[in-house]
Amino acid sequence: MYAILDIETTGGQFNEEGITEIAIYKFDGHEVVDQFISLVNPEIPIQPFVVKLTGINNAMLRSAPKFYEVAKRIIEITEGCIIVAHNASFDYRILQTEFKRLGFDFEKETLCTVELSKKIIPDLPSYSLGKLVRTLGIPMSDRHRASGDAIATVKLFKMLLAKDTEKEIIRSLVKKEIKSGMSPKLLDIVESLPNRVGIYYIHNEKGELIYIGKSKNIKKRINQHFTGTTNKSKKIQFEVYAVTYEETGSELIALLKESEEIKINKPRYNRAQRKSIFQWALYDVLDDQGYLNLKLMKADGRKKEITSFTTLQEGKNALYRITDQYHLCQKYTGLYETQKECFQYKIKECDGACIGKVTPDEYNSRVEHFMANSSFEHLNMVVIDKGRNVNERSAVLIENGIYKGYCFYDLNYQINTLEILRNILIPMQNNRDTRTIIQSYIRKTKGLKIVKF
């Protein structure tokens, strides 16, 4: 749990400042679960330049509560939380100073979104909150007021969590909870999870990632792990200490994140998925009569494939759909072995390419049409899908046929402006697996919005 906060002060000499406004949003890594916003009477005058900057003046604070009157609420809302702030050393120092005046030691772990941003999104021209959120297309209101700055920090932190593919932020939280003596039962873990699509991370007692998975229903899938009787399930049940998760809204992003993060983090019980999981591939082969045959074969990295599949049966099922959709011949797609006409011709569902009634040029144009639709080679496009809530959408960026990454966005200008889109993008590796995942998802998903540019 995180307490994301912002504090406005009177200004003045070091450690003599007073708080004029405070905003705290309690954030569970997915959404805000509690909040506290209040003006505070600092009992000392505000510096004129601060009045000009924030719009908060001495008259506004005369009837505001003094710090000792809000101190209990601050302790309550930050209990068990890591303090998160933009330039956290300043806000944390101010809070500690105020509590020391009351004779209370306020000790918390902190995370600074300035430092996290420099590490996770390097090479930006500025890391001030105003310029950073503008660069990332994060909407912001009430700049230099505690509530406006704090909610912008919440949105920034949520983006940083998504961009942290090595899960360093999440691991530090899990280690903190383990240190504090949290020892949940398997049932407690399951009950805390959502019935939504996303990625889940299973941690052991040291906070290490031992398994990463994706599901359309995270709670249901974890329950299957915890009730399974396979050797892997039993090992996970024995070692699990915490489960964290990330909702994605889009199944495509869940698939892409799972593939990427398994390769980066190499969890112990994901051995089979550390390398490519697509063992079968579809190739085009020109026969002696000049017809392009689609052949389903064991994947061979030396040959250029059209698309690939995890199992032979998945490949065959897809090939039946392709044959039907593009009016191809089962003989030339390897689904019906014969020296004569295919079975589909006998029942009048094939127009006779198998016996020469369709010319090679006409037939091959159908195959080439399928291959063009199945590949995004050299294309520039954005695949738009569901977001994590009703106000949000997700976007997957492909530039010149190369998968660049994904993002979540609230406003259309964030993806219509390529510079902003690149800034908010969670960069991902382009490899055979990602290309196949995207191809397969586009092929299977009806009504998907694709914007080409």
# chains A, B, ... in the order shown; residues from 1 in each chain; ligands from 1
>>> residues_around(residues="Leu411 (chain A)", least_positions_apart="6", cutoff="9 Å", atoms="only C-alpha atoms", output="list of chain:residue names")
A:Gly137, A:Ile138, A:Pro139, A:Glu392, A:Arg393
>>> write_last_selection(atoms="all heavy atoms", output="short mmCIF file (atom, residue, chain, number, x, y, z; two decimals), in the first residue's frame")
data_model
loop_
_atom_site.label_atom_id
_atom_site.label_comp_id
_atom_site.auth_asym_id
_atom_site.auth_seq_id
_atom_site.Cartn_x
_atom_site.Cartn_y
_atom_site.Cartn_z
N GLY A 137 1.67 13.49 -21.32
CA GLY A 137 0.26 13.64 -21.69
C GLY A 137 -0.70 13.35 -20.55
O GLY A 137 -1.87 13.02 -20.77
N ILE A 138 -0.22 13.46 -19.29
CA ILE A 138 -1.09 13.23 -18.13
C ILE A 138 -1.87 14.50 -17.85
O ILE A 138 -1.28 15.56 -17.63
CB ILE A 138 -0.26 12.83 -16.89
CG1 ILE A 138 0.44 11.49 -17.13
CG2 ILE A 138 -1.13 12.76 -15.65
CD1 ILE A 138 1.44 11.10 -16.04
N PRO A 139 -3.21 14.45 -17.86
CA PRO A 139 -3.99 15.65 -17.58
C PRO A 139 -3.77 16.14 -16.15
O PRO A 139 -3.65 15.34 -15.23
CB PRO A 139 -5.44 15.21 -17.80
CG PRO A 139 -5.42 13.72 -17.71
CD PRO A 139 -4.05 13.27 -18.11
N GLU A 392 -10.83 4.54 -19.90
CA GLU A 392 -9.47 4.35 -20.38
C GLU A 392 -9.45 3.39 -21.57
O GLU A 392 -10.29 2.51 -21.68
CB GLU A 392 -8.61 3.79 -19.24
CG GLU A 392 -7.14 3.63 -19.55
CD GLU A 392 -6.40 3.04 -18.36
OE1 GLU A 392 -6.58 1.84 -18.10
OE2 GLU A 392 -5.66 3.79 -17.71
N ARG A 393 -8.48 3.58 -22.45
CA ARG A 393 -8.24 2.67 -23.56
C ARG A 393 -6.77 2.25 -23.55
O ARG A 393 -5.93 2.90 -22.92
CB ARG A 393 -8.56 3.33 -24.91
CG ARG A 393 -9.97 3.87 -25.02
CD ARG A 393 -10.99 2.79 -25.21
NE ARG A 393 -11.07 2.31 -26.57
CZ ARG A 393 -11.68 1.20 -26.94
NH1 ARG A 393 -12.25 0.44 -26.02
NH2 ARG A 393 -11.73 0.83 -28.20
#
>>> select_by_dssp(residues="region 58-101 of chain A", states="strand (DSSP E or B)", output="PyMOL selection string")
chain A and resi 66+82-85
>>> closest_atom_pairs(of="region 20-92 of chain A", to="region 233-250 of chain A", cutoff="12 Å", atoms="only C-alpha atoms", output="CSV")
residue,atom,partner,partner_atom,distance
A:Asp28,CA,A:Thr244,CA,10.5
A:Gly29,CA,A:Glu246,CA,8.2
A:His30,CA,A:Glu246,CA,7.3
A:Glu31,CA,A:Glu247,CA,10.6
>>> select_by_dssp(residues="region 209-414 of chain A", states="alpha helix (DSSP H)", output="VMD selection string")
chain A and resid 218 to 227 231 to 239 251 to 265 312 to 325 343 to 346 360 to 374 413 to 414
>>> residues_around(residues="region 414-423 of chain A", least_positions_apart="6", cutoff="8 Å", atoms="only C-alpha atoms", output="JSON, numbers by chain")
{"A": [135, 136, 137, 395, 407]}
>>> write_last_selection(atoms="C-alpha atoms", output="PDB file, in the first residue's frame")
ATOM      1  CA  THR A 135       5.580  15.351 -21.657  1.00  0.00           C
ATOM      2  CA  LEU A 136       3.650  12.188 -20.760  1.00  0.00           C
ATOM      3  CA  GLY A 137       0.260  13.641 -21.692  1.00  0.00           C
ATOM      4  CA  ALA A 395      -2.860   1.123 -27.430  1.00  0.00           C
ATOM      5  CA  CYS A 407       0.311   2.234 -23.203  1.00  0.00           C
TER       6      CYS A 407
END
>>> residues_around(residues="Lys357 (chain A)", least_positions_apart="5", cutoff="12 Å", atoms="only C-alpha atoms", output="ChimeraX atom specification")
/A:329,341,345,350-352,362-363
>>> write_last_selection(atoms="C-alpha atoms", output="PDB file, in the first residue's frame")
ATOM      1  CA  CYS A 329      -8.141 -25.705 -51.091  1.00  0.00           C
ATOM      2  CA  GLU A 341      -9.537 -33.664 -55.832  1.00  0.00           C
ATOM      3  CA  TYR A 345     -14.627 -30.237 -53.905  1.00  0.00           C
ATOM      4  CA  CYS A 350     -14.013 -25.954 -53.125  1.00  0.00           C
ATOM      5  CA  ASP A 351     -13.976 -24.446 -56.623  1.00  0.00           C
ATOM      6  CA  GLY A 352     -11.464 -26.928 -57.981  1.00  0.00           C
ATOM      7  CA  GLU A 362      -5.970 -16.695 -59.303  1.00  0.00           C
ATOM      8  CA  TYR A 363      -5.424 -19.159 -56.463  1.00  0.00           C
TER       9      TYR A 363
END
>>> closest_atom_pairs(of="region 140-163 of chain A", to="region 87-106 of chain A", cutoff="12 Å", atoms="only C-alpha atoms", output="tab-separated table")
residue	atom	partner	partner_atom	distance
A:Ala146	CA	A:Asp91	CA	11.0
A:Asp149	CA	A:Asn87	CA	11.7
A:Ala150	CA	A:Asp91	CA	11.3
A:Thr153	CA	A:Asn87	CA	10.5
>>> write_last_selection(atoms="N, CA, C and O atoms", output="PDB file, in the first residue's frame")
ATOM      1  N   ALA A 146      -2.089  21.250  -3.363  1.00  0.00           N
ATOM      2  CA  ALA A 146      -1.735  19.905  -2.895  1.00  0.00           C
ATOM      3  C   ALA A 146      -2.536  18.813  -3.597  1.00  0.00           C
ATOM      4  O   ALA A 146      -1.980  17.803  -4.040  1.00  0.00           O
ATOM      5  N   ASP A 149      -1.514  18.474  -7.438  1.00  0.00           N
ATOM      6  CA  ASP A 149      -0.183  17.875  -7.595  1.00  0.00           C
ATOM      7  C   ASP A 149      -0.164  16.415  -7.146  1.00  0.00           C
ATOM      8  O   ASP A 149       0.497  15.565  -7.755  1.00  0.00           O
ATOM      9  N   ALA A 150      -0.915  16.098  -6.068  1.00  0.00           N
ATOM     10  CA  ALA A 150      -0.916  14.725  -5.551  1.00  0.00           C
ATOM     11  C   ALA A 150      -1.611  13.774  -6.515  1.00  0.00           C
ATOM     12  O   ALA A 150      -1.133  12.654  -6.745  1.00  0.00           O
ATOM     13  N   THR A 153       0.586  13.027  -9.305  1.00  0.00           N
ATOM     14  CA  THR A 153       1.626  12.084  -8.878  1.00  0.00           C
ATOM     15  C   THR A 153       1.088  10.661  -8.841  1.00  0.00           C
ATOM     16  O   THR A 153       1.796   9.703  -9.172  1.00  0.00           O
TER      17      THR A 153
END
>>> atom_distance(atom1="CA of Val382 (chain A)", atom2="CA of Gly405 (chain A)")
10.1 Å
>>> atom_distance(atom1="CA of Val197 (chain A)", atom2="CA of Glu258 (chain A)")
12.1 Å
>>> closest_atom_pairs(of="region 361-446 of chain A", to="region 310-318 of chain A", cutoff="10 Å", atoms="only C-alpha atoms", output="JSON lines")
{"residue": "A:Thr436", "atom": "CA", "partner": "A:Thr310", "partner_atom": "CA", "distance": 9.9}
{"residue": "A:Ser440", "atom": "CA", "partner": "A:Ala318", "partner_atom": "CA", "distance": 9.3}
{"residue": "A:Arg443", "atom": "CA", "partner": "A:Ala318", "partner_atom": "CA", "distance": 9.4}
{"residue": "A:Lys444", "atom": "CA", "partner": "A:Ala318", "partner_atom": "CA", "distance": 9.3}
>>> closest_residue(among="A:Thr230, A:Ile262, A:Glu79, A:Lys216", to="Tyr201 (chain A)", atoms="only C-alpha atoms")
A:Ile262
>>> atom_distance(atom1="CA of Ala85 (chain A)", atom2="CA of Glu115 (chain A)")
10.3 Å
>>> residues_around(residues="region 157-173 of chain A", least_positions_apart="5", cutoff="8 Å", atoms="only C-alpha atoms", output="PyMOL selection string")
chain A and resi 1+29-30+82+113+116-117+120+207-208+244+261+264-265+424+426-427
>>> write_last_selection(atoms="all heavy atoms", output="compact mmCIF listing (two decimals), in the first residue's frame")
# COMPACT_ATOMS: atom_id res chain seq x y z
N MET A 1 0.84 -1.19 0.00
CA MET A 1 0.00 0.00 0.00
C MET A 1 0.88 1.25 0.00
O MET A 1 1.93 1.28 0.63
CB MET A 1 -0.90 -0.02 1.24
CG MET A 1 -2.10 0.87 1.13
SD MET A 1 -3.38 0.29 -0.02
CE MET A 1 -4.12 -1.06 0.89
N GLY A 29 -1.93 0.29 -5.52
CA GLY A 29 -1.21 -0.18 -6.70
C GLY A 29 -2.09 -0.25 -7.93
O GLY A 29 -1.60 -0.42 -9.05
N HIS A 30 -3.42 -0.10 -7.71
CA HIS A 30 -4.38 -0.19 -8.81
C HIS A 30 -5.36 0.98 -8.80
O HIS A 30 -5.67 1.54 -9.83
CB HIS A 30 -5.15 -1.51 -8.73
CG HIS A 30 -4.26 -2.68 -8.49
ND1 HIS A 30 -3.49 -3.24 -9.48
CD2 HIS A 30 -3.97 -3.36 -7.35
CE1 HIS A 30 -2.78 -4.24 -8.96
NE2 HIS A 30 -3.05 -4.33 -7.68
N ILE A 82 4.00 2.87 2.22
CA ILE A 82 5.23 3.53 1.76
C ILE A 82 4.83 4.92 1.29
O ILE A 82 3.87 5.09 0.54
CB ILE A 82 5.88 2.74 0.60
CG1 ILE A 82 6.35 1.37 1.09
CG2 ILE A 82 7.05 3.52 0.01
CD1 ILE A 82 6.86 0.45 -0.02
N THR A 113 9.17 9.90 -6.89
CA THR A 113 8.81 9.74 -8.31
C THR A 113 9.77 10.49 -9.24
O THR A 113 9.82 10.21 -10.43
CB THR A 113 7.36 10.17 -8.58
OG1 THR A 113 7.13 11.47 -8.01
CG2 THR A 113 6.37 9.18 -8.00
N LEU A 116 12.49 7.72 -9.52
CA LEU A 116 11.94 6.60 -10.29
C LEU A 116 11.80 6.96 -11.77
O LEU A 116 12.11 6.16 -12.65
CB LEU A 116 10.57 6.20 -9.73
CG LEU A 116 10.55 5.45 -8.40
CD1 LEU A 116 9.11 5.26 -7.93
CD2 LEU A 116 11.23 4.09 -8.52
N SER A 117 11.35 8.20 -12.03
CA SER A 117 11.17 8.65 -13.42
C SER A 117 12.50 8.70 -14.15
O SER A 117 12.60 8.31 -15.32
CB SER A 117 10.49 10.02 -13.46
OG SER A 117 9.21 9.96 -12.89
N ILE A 120 13.36 4.97 -14.84
CA ILE A 120 12.48 4.20 -15.71
C ILE A 120 12.23 4.90 -17.04
O ILE A 120 12.04 4.25 -18.07
CB ILE A 120 11.15 3.90 -14.96
CG1 ILE A 120 11.43 2.98 -13.76
CG2 ILE A 120 10.13 3.24 -15.88
CD1 ILE A 120 10.25 2.76 -12.84
N GLY A 207 10.37 -12.65 -1.21
CA GLY A 207 9.89 -11.62 -2.13
C GLY A 207 10.22 -11.91 -3.58
O GLY A 207 9.86 -11.15 -4.47
N GLU A 208 10.92 -13.04 -3.84
CA GLU A 208 11.34 -13.37 -5.20
C GLU A 208 10.14 -13.82 -6.04
O GLU A 208 9.21 -14.45 -5.52
CB GLU A 208 12.37 -14.51 -5.18
CG GLU A 208 13.66 -14.16 -4.46
CD GLU A 208 14.51 -15.39 -4.19
OE1 GLU A 208 13.97 -16.52 -4.20
OE2 GLU A 208 15.72 -15.21 -3.95
N THR A 244 0.91 -10.60 -6.22
CA THR A 244 0.58 -9.25 -6.68
C THR A 244 0.03 -9.38 -8.09
O THR A 244 0.18 -10.43 -8.73
CB THR A 244 1.81 -8.32 -6.66
OG1 THR A 244 2.85 -8.90 -7.46
CG2 THR A 244 2.32 -8.13 -5.25
N GLU A 261 7.82 -10.36 -19.59
CA GLU A 261 8.30 -10.35 -18.20
C GLU A 261 8.82 -11.71 -17.76
O GLU A 261 9.68 -11.78 -16.88
CB GLU A 261 7.21 -9.82 -17.28
CG GLU A 261 6.93 -8.34 -17.57
CD GLU A 261 5.98 -7.70 -16.59
OE1 GLU A 261 5.38 -8.41 -15.76
OE2 GLU A 261 5.83 -6.47 -16.65
N ILE A 264 12.36 -11.60 -18.97
CA ILE A 264 13.21 -10.67 -18.20
C ILE A 264 13.49 -11.22 -16.80
O ILE A 264 14.62 -11.24 -16.33
CB ILE A 264 12.53 -9.28 -18.08
CG1 ILE A 264 12.55 -8.58 -19.45
CG2 ILE A 264 13.24 -8.40 -17.05
CD1 ILE A 264 11.75 -7.29 -19.48
N ASN A 265 12.43 -11.67 -16.10
CA ASN A 265 12.57 -12.06 -14.69
C ASN A 265 12.93 -13.52 -14.48
O ASN A 265 13.38 -13.90 -13.40
CB ASN A 265 11.26 -11.73 -13.94
CG ASN A 265 11.00 -10.24 -13.87
OD1 ASN A 265 11.62 -9.53 -13.09
ND2 ASN A 265 10.09 -9.74 -14.69
N ILE A 424 4.68 8.06 -23.40
CA ILE A 424 3.89 7.30 -22.43
C ILE A 424 3.97 5.79 -22.67
O ILE A 424 3.49 5.00 -21.88
CB ILE A 424 2.40 7.74 -22.42
CG1 ILE A 424 1.70 7.41 -23.76
CG2 ILE A 424 2.27 9.21 -22.10
CD1 ILE A 424 0.22 7.72 -23.77
N ILE A 426 5.08 2.01 -22.80
CA ILE A 426 5.89 1.06 -22.04
C ILE A 426 6.66 0.27 -23.10
O ILE A 426 6.07 -0.54 -23.83
CB ILE A 426 5.04 0.13 -21.17
CG1 ILE A 426 4.42 0.89 -20.01
CG2 ILE A 426 5.90 -1.00 -20.61
CD1 ILE A 426 3.03 1.29 -20.17
N PRO A 427 7.98 0.54 -23.28
CA PRO A 427 8.72 -0.10 -24.37
C PRO A 427 8.83 -1.60 -24.16
O PRO A 427 8.99 -2.07 -23.04
CB PRO A 427 10.11 0.56 -24.31
CG PRO A 427 10.11 1.49 -23.17
CD PRO A 427 8.80 1.39 -22.45
